[in-house]
Every structure is written in C-alpha cells, then in structure tokens.
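Reproduced below: target.cif, with mmCIF, C-alpha atoms.
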```cif
data_run
#
loop_
_atom_site.label_atom_id
_atom_site.label_comp_id
_atom_site.auth_asym_id
_atom_site.auth_seq_id
_atom_site.Cartn_x
_atom_site.Cartn_y
_atom_site.Cartn_z
CA TYR F 179 0.00 0.00 0.00
CA ALA F 180 3.00 2.32 -0.14
CA GLY F 181 3.34 5.07 -2.71
CA ILE F 182 1.28 7.94 -4.12
CA HIS F 183 -2.44 7.13 -4.10
CA ARG F 184 -3.91 10.25 -5.70
CA ASP F 185 -3.36 12.33 -8.80
CA VAL F 186 -0.37 14.65 -8.94
CA PHE F 187 -0.41 17.55 -11.37
CA ILE F 188 1.40 20.79 -12.12
CA THR F 189 -0.27 24.05 -13.09
CA LYS F 190 1.29 27.22 -14.42
CA GLN F 191 -0.11 30.39 -12.89
CA PRO F 192 0.44 34.04 -13.84
CA LYS F 193 3.09 35.73 -11.70
CA VAL F 194 0.26 37.68 -10.11
CA SER F 195 -2.55 35.21 -9.47
CA ILE F 196 -5.43 34.12 -7.24
CA PHE F 197 -3.65 31.98 -4.67
CA ASP F 198 -6.55 31.10 -2.38
CA TYR F 199 -10.10 32.11 -1.49
CA ASN F 200 -12.66 31.51 1.24
CA VAL F 201 -16.46 31.59 0.95
CA GLU F 202 -19.04 31.78 3.75
CA THR F 203 -22.81 32.00 3.60
CA ILE F 204 -24.14 33.85 6.64
CA PHE F 205 -27.77 34.07 7.75
CA LYS F 206 -28.19 36.90 10.24
CA ASP F 207 -31.98 36.94 10.62
CA HIS F 208 -32.42 33.12 10.54
CA ASP F 209 -35.62 33.25 8.52
CA TYR F 210 -33.52 32.14 5.53
CA THR F 211 -35.06 34.63 3.12
CA SER F 212 -31.71 36.35 2.58
CA ALA F 213 -28.05 35.59 3.12
CA GLU F 214 -24.75 37.38 3.05
CA LEU F 215 -22.12 35.94 0.76
CA ASP F 216 -18.78 36.73 2.40
CA LEU F 217 -15.82 36.22 0.12
CA THR F 218 -12.09 36.68 0.73
CA VAL F 219 -9.67 36.33 -2.20
CA ASP F 220 -5.89 36.14 -1.72
CA VAL F 221 -3.85 37.50 -4.64
CA SER F 222 -0.20 36.41 -4.70
CA ASN F 223 2.59 38.34 -6.44
CA THR F 224 5.79 36.56 -7.49
CA ALA F 225 6.75 39.28 -9.98
CA ASP F 226 9.76 41.59 -9.53
CA THR F 227 7.63 44.66 -8.78
CA ALA F 228 4.43 45.55 -6.97
CA ALA F 229 1.30 44.93 -9.02
CA THR F 230 -2.30 46.16 -9.01
CA ARG F 231 -5.04 43.83 -10.20
CA LYS F 232 -8.84 43.81 -10.27
CA VAL F 233 -10.80 40.95 -8.71
CA ARG F 234 -14.36 40.31 -9.93
CA ALA F 235 -16.96 37.87 -8.65
CA TYR F 236 -19.91 36.23 -10.39
CA LEU F 237 -22.58 33.84 -9.10
CA TYR F 238 -24.94 31.59 -11.10
CA ASP F 239 -27.77 29.34 -9.97
CA ASN F 240 -28.15 25.71 -11.03
CA LYS F 241 -29.92 26.79 -14.22
CA GLY F 242 -27.14 29.16 -15.23
CA ASN F 243 -29.02 32.32 -14.30
CA ALA F 244 -26.89 35.14 -12.96
CA VAL F 245 -27.47 36.37 -9.40
CA SER F 246 -27.63 40.11 -10.07
CA SER F 247 -26.51 41.30 -6.62
CA VAL F 248 -23.22 39.42 -6.95
CA ASN F 249 -22.38 39.50 -10.64
CA GLY F 250 -19.66 41.92 -11.54
CA VAL F 251 -18.80 43.13 -8.03
CA GLU F 252 -15.15 44.08 -8.16
CA GLN F 253 -12.27 45.39 -6.12
CA ASN F 254 -8.75 46.60 -6.91
CA VAL F 255 -5.89 45.15 -4.88
CA THR F 256 -2.17 45.96 -4.84
CA ALA F 257 0.26 43.20 -3.89
CA ALA F 258 3.83 44.08 -3.00
CA LYS F 259 6.75 42.28 -4.62
CA GLY F 260 6.79 38.76 -3.18
CA GLY F 261 3.67 39.50 -1.11
CA THR F 262 -0.07 38.96 -1.09
CA ALA F 263 -3.14 41.18 -0.99
CA LYS F 264 -6.75 40.46 -0.04
CA ALA F 265 -9.95 41.39 -1.83
CA GLU F 266 -12.95 41.17 0.49
CA PHE F 267 -16.61 41.18 -0.54
CA SER F 268 -19.84 40.98 1.45
CA VAL F 269 -22.91 40.80 -0.79
CA LYS F 270 -26.54 40.19 0.10
CA VAL F 271 -28.37 37.43 -1.79
CA LYS F 272 -32.17 37.44 -1.52
CA ASN F 273 -34.19 34.22 -1.39
CA PRO F 274 -31.30 31.83 -1.98
CA LYS F 275 -32.13 28.22 -2.76
CA LEU F 276 -30.93 26.41 0.36
CA TRP F 277 -28.71 23.34 0.35
CA SER F 278 -29.50 20.20 2.35
CA ALA F 279 -29.08 16.47 1.83
CA GLU F 280 -32.71 16.30 0.69
CA LEU F 281 -32.46 19.34 -1.63
CA PRO F 282 -28.81 19.76 -2.68
CA ASN F 283 -29.19 23.13 -4.42
CA LEU F 284 -25.84 24.42 -5.66
CA TYR F 285 -24.61 27.69 -7.12
CA THR F 286 -21.49 28.28 -9.19
CA LEU F 287 -19.08 30.97 -8.02
CA VAL F 288 -16.63 32.35 -10.58
CA LEU F 289 -13.68 34.61 -9.68
CA GLU F 290 -11.90 36.63 -12.34
CA LEU F 291 -8.54 38.36 -12.11
CA CYS F 292 -8.05 41.27 -14.53
CA ASP F 293 -5.32 43.73 -15.42
CA GLY F 294 -5.77 47.50 -15.33
CA ASN F 295 -7.48 47.49 -18.74
CA GLY F 296 -10.04 44.89 -17.71
CA ASN F 297 -8.42 42.03 -19.64
CA THR F 298 -8.94 38.61 -18.07
CA LEU F 299 -5.75 37.04 -16.71
CA GLN F 300 -7.15 34.15 -14.69
CA THR F 301 -10.47 32.58 -13.69
CA VAL F 302 -11.31 30.04 -11.00
CA GLY F 303 -14.65 28.50 -10.11
CA LYS F 304 -16.35 26.54 -7.33
CA ARG F 305 -19.81 25.17 -6.64
CA ILE F 306 -21.19 26.43 -3.32
CA GLY F 307 -24.32 25.92 -1.25
CA PHE F 308 -26.25 28.35 0.94
CA ARG F 309 -26.58 26.50 4.23
CA GLU F 310 -26.20 26.95 7.96
CA PHE F 311 -25.18 24.22 10.39
CA TYR F 312 -25.42 24.81 14.12
CA MET F 313 -26.02 23.08 17.44
CA GLU F 314 -29.23 23.82 19.36
CA GLY F 315 -29.26 23.16 23.11
CA LYS F 316 -26.51 21.88 25.40
CA GLY F 317 -25.04 18.56 26.46
CA ASN F 318 -27.09 15.41 25.85
CA ASN F 319 -30.08 17.54 24.83
CA SER F 320 -28.26 19.26 21.96
CA GLU F 321 -29.37 18.75 18.37
CA MET F 322 -27.62 19.50 15.12
CA ARG F 323 -29.65 21.59 12.71
CA ILE F 324 -29.34 22.73 9.13
CA ASN F 325 -31.19 25.83 8.00
CA GLY F 326 -33.28 25.75 11.17
CA GLN F 327 -34.39 22.12 10.74
CA ASN F 328 -33.37 19.14 12.86
CA ILE F 329 -31.20 16.53 11.16
CA GLU F 330 -31.71 12.80 11.57
CA PHE F 331 -28.50 11.08 10.51
CA TYR F 332 -28.35 7.75 8.71
CA GLY F 333 -24.62 7.37 8.32
CA VAL F 334 -21.78 5.01 7.55
CA CYS F 335 -18.01 5.08 7.88
CA ARG F 336 -16.06 5.05 4.65
CA GLY F 337 -12.40 4.15 4.24
CA GLU F 338 -10.54 4.95 1.04
CA ALA F 339 -10.14 1.48 -0.46
CA ASP F 340 -10.77 -0.19 -3.79
CA PRO F 341 -10.86 -3.97 -4.44
CA ALA F 342 -8.36 -3.67 -7.28
CA GLY F 343 -6.51 -0.42 -6.57
CA GLY F 344 -6.03 -0.58 -2.81
CA HIS F 345 -5.71 2.97 -1.50
CA HIS F 346 -5.88 4.28 -5.07
CA VAL F 347 -9.64 4.69 -5.55
CA PRO F 348 -10.74 5.52 -9.12
CA TYR F 349 -13.23 8.35 -9.60
CA GLU F 350 -15.80 5.88 -10.94
CA THR F 351 -15.66 3.95 -7.64
CA ILE F 352 -16.23 7.13 -5.62
CA VAL F 353 -19.27 7.96 -7.76
CA LYS F 354 -20.64 4.45 -7.24
CA ASP F 355 -20.13 4.73 -3.47
CA VAL F 356 -22.12 7.96 -3.38
CA GLN F 357 -24.88 6.61 -5.63
CA ASN F 358 -25.20 3.44 -3.52
CA ALA F 359 -25.41 5.54 -0.35
CA LYS F 360 -28.27 7.62 -1.74
CA GLN F 361 -30.13 4.54 -3.00
CA LEU F 362 -29.87 2.99 0.49
CA ASN F 363 -31.26 6.14 2.18
CA ILE F 364 -27.88 7.02 3.72
CA ASN F 365 -27.52 10.76 4.19
CA SER F 366 -24.13 11.08 5.95
CA ILE F 367 -20.60 9.70 5.65
CA ARG F 368 -17.78 9.72 8.19
CA THR F 369 -14.39 9.75 6.46
CA SER F 370 -12.30 7.14 8.28
CA HIS F 371 -9.52 7.81 9.23
CA PHE F 372 -8.06 10.59 7.12
CA PRO F 373 -9.22 13.40 4.83
CA PRO F 374 -10.92 11.93 1.74
CA ASP F 375 -10.30 12.45 -1.93
CA PRO F 376 -11.63 15.96 -2.74
CA ASN F 377 -13.86 14.35 -5.37
CA LEU F 378 -15.92 12.78 -2.56
CA ILE F 379 -16.64 16.23 -1.10
CA GLU F 380 -17.69 17.57 -4.51
CA LEU F 381 -19.98 14.59 -5.11
CA ALA F 382 -21.48 14.87 -1.62
CA ASP F 383 -22.40 18.47 -2.42
CA GLU F 384 -23.93 17.42 -5.75
CA TYR F 385 -25.89 14.35 -4.61
CA GLY F 386 -26.71 15.53 -1.08
CA LEU F 387 -24.66 13.92 1.69
CA TYR F 388 -23.50 15.29 5.03
CA ILE F 389 -19.77 14.74 5.55
CA MET F 390 -18.13 14.24 8.95
CA ASP F 391 -14.54 14.85 7.89
CA GLU F 392 -12.18 13.04 10.26
CA VAL F 393 -8.63 14.38 10.37
CA ASN F 394 -5.57 12.16 10.60
CA VAL F 395 -5.30 11.92 14.39
#
```
Starting from the file, lay out its structure as structure tokens.
Amino acid sequence: YAGIHRDVFITKQPKVSIFDYNVETIFKDHDYTSAELDLTVDVSNTADTAATRKVRAYLYDNKGNAVSSVNGVEQNVTAAKGGTAKAEFSVKVKNPKLWSAELPNLYTLVLELCDGNGNTLQTVGKRIGFREFYMEGKGNNSEMRINGQNIEFYGVCRGEADPAGGHHVPYETIVKDVQNAKQLNINSIRTSHFPPDPNLIELADEYGLYIMDEVNV
C-alpha cells in the first residue's frame, strides 16, 4: 500500500494570481429569506515589482441564471513584490435556494482576475451551497440543525479502499459509493480515518450527503 495514491499535477499560474479564497454563507436573521455571501480572495505576487489587479466575482444558480446582486462586483488590490493582498466582498443574496441532503441546491461561483485594462488574466470556479449548520441546546439535549431544521442522521463510515486499486480509488468507484449511499437512504458519511479524496466532497455536495470529515489523528 505504499506510494502515491492520488493524482499529482502541475499548473502554471500568472506571476500575479489568485492563490486562495474563502467563501461563507451567513444568515443573520435566521428566517432564511436572505443571506450574506462573504468572500475573501488572496492574490499572490511573485513578480519583480508591486502589481495592481482587479478581482471580480460572479454567481450563477443551477440553471445558469446570474445572481444580479453578486455578478460583476469588483475590487482593486495591490500586492507588493513577493507579497499577497486580499480582496474582500460581502454581498446580500435574496431568497437563496438552500442546500440540504434532501435538496442539494448548488450555485457556481466564478472569480476573475483582470489587469488595469479589464483584460482577463485568470479565472477560478467553485460550486457552493447556501446553508447553515449549528447546534441547538446543550449537552445530551443538543441537536444539530441545518437551515433551522433538525437533522436525523443515517450514516456510515467510509475508508478509502478499492478492491483492485487498494488505496488508489478511481473516480468511478467514488461515484458508485455515493450513488449506492443515496439509494440505500444514507444521508451522511464519516471519512475514516483521514481526509478523503476531494472528489468525494464535490460529489457529496452534488448528490446531497452530510460529511463528517475526520482528520488524521
């Protein structure tokens, strides 16, 4: 079982590029009729001089319709030589379609990095869900909720293993695992005993599964 179990790849980025980003959906009034999309984008500069770039954000629903309050919001950032800069957005989204295991509604977020003339230098994208997990109550009387509703978990543990590939699990096997879980009325998976292939997280978002992501401890 020794060796590299997952894909290894190399990408070439612009010298000034989107290095990382973080997305949060925040419900302040808890009636779930509106949400705040909080977005932080880290721009990294490996060029020889400081650089100013424009960061734009776009959001589309599962039918490809643009969410007008988000689309085209932009911010200029200046990253020092060898440094990073942050673009931060907080945008209100009215009546978002909520994500849950029963109704896995997803949106597509697209980030665009532009030069001073508005020319596109880089784009990255991610599917996201508007959802809120929290604990209600204390101790043995506490309950986990999503979007204000109690959750009843029907879960299984899943280790990364394939009958033929060992710890190398083909994408097709991961898809079959998720499809089997949904057909058997399973709505949650505990990843035993290490972080799973990122493809499992993406498929759980798409098909509707709660993930209890166990770290390697």
On this structure, which residues satisfy the PyMOL selection byres ((chain F and resi 317-330) around 10), written as a list in words?
Phe205, His208, Asp209, Tyr210, Leu276, Trp277, Ser278, Ala279, Phe308, Arg309, Glu310, Phe311, Tyr312, Met313, Glu314, Gly315, Lys316, Phe331, Tyr332, Gly333, Asn365, Ser366 and Tyr388 of chain F
On this file, the PyMOL selection byres ((chain F and resi 286) around 7) gives some set of residues; write that set as a ChimeraX atom specification.
/F:237-239,284-285,287-288,303-306
Which of these residues is nearest to Asp293 (chain F), using only C-alpha atoms: F:Ala263, F:Ala229, F:Ala258, F:Val347?
F:Ala229
Which residues come within 7 Å of Pro373 (chain F), counting only C-alpha atoms, excluding same-chain residues fewer than 3 positions away, as an MDAnalysis selection string?
chainID F and resid 369 391:394
Length of the CA of Pro376 (chain F) to CA of Tyr349 (chain F) vector [Å]:
10.4 Å
Mind checking which residues fall within 12 Å of Val245 (chain F), counting all atoms listed in the file, ignoring those fewer than 2 positions away in the same chain, and posting them as a list of chain:residue names?
F:Leu215, F:Ala235, F:Tyr236, F:Leu237, F:Tyr238, F:Asp239, F:Asn240, F:Lys241, F:Gly242, F:Asn243, F:Ser247, F:Val248, F:Asn249, F:Gly250, F:Val251, F:Val269, F:Lys270, F:Val271, F:Lys272, F:Asn273, F:Pro274, F:Lys275, F:Tyr285, F:Thr286, F:Leu287, F:Val288
Rank F:Gln361, F:Asn295, F:Gln253, F:Ser370 by their smallest atom-to-atom distance to Arg234 (chain F), using all atoms listed in the file, and report the top residue only.
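Of F:Gln361, F:Asn295, F:Gln253, F:Ser370, the one nearest Arg234 (chain F), counting all atoms listed in the file, is F:Gln253.
Using all atoms listed in the file, the shortest contact distance between Thr218 (chain F) and any of F:Phe187, F:Tyr385, F:Phe372, F:Phe267 is found at F:Phe267.
The space between CA of Val219 (chain F) and CA of Val302 (chain F) spans 10.9 Å.
You can rank F:Val221, F:Leu291, F:Ala213, F:Ile379 by their closest distance to Phe197 (chain F) using all atoms listed in the file, and at the top of that list sits F:Val221.
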Enter the distance from CA of Val233 (chain F) to CA of Glu380 (chain F), in Å, rounded to one decimal.
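Here the two named atoms are 24.7 Å from each other.
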Once the PyMOL selection byres ((chain F and resi 336) around 7) is applied to the coordinates I shared, what remains selected? I want it as JSON, numbers by chain.
{"F": [334, 335, 337, 338, 367, 368, 369, 370]}
May I ask which of the residues F:Ile389, F:Ala339, F:Ile182, F:Ala244 is the closest one to Ile364 (chain F), counting only C-alpha atoms?
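Of F:Ile389, F:Ala339, F:Ile182, F:Ala244, the one nearest Ile364 (chain F), counting only C-alpha atoms, is F:Ile389.
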I'd like the neighbourhood of Thr224 (chain F) as a PyMOL selection string, where a residue qualifies if any of its atoms comes within 8 Å (using only C-alpha atoms), though same-chain residues fewer than 5 positions away should be ignored.
chain F and resi 193-194+259-261
Using all atoms listed in the file, can you tell me which of F:Ile352, F:His345, F:Glu280, F:Tyr199 comes closest to Leu387 (chain F)?
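Checking each candidate against Leu387 (chain F), we get F:Glu280 as the closest.
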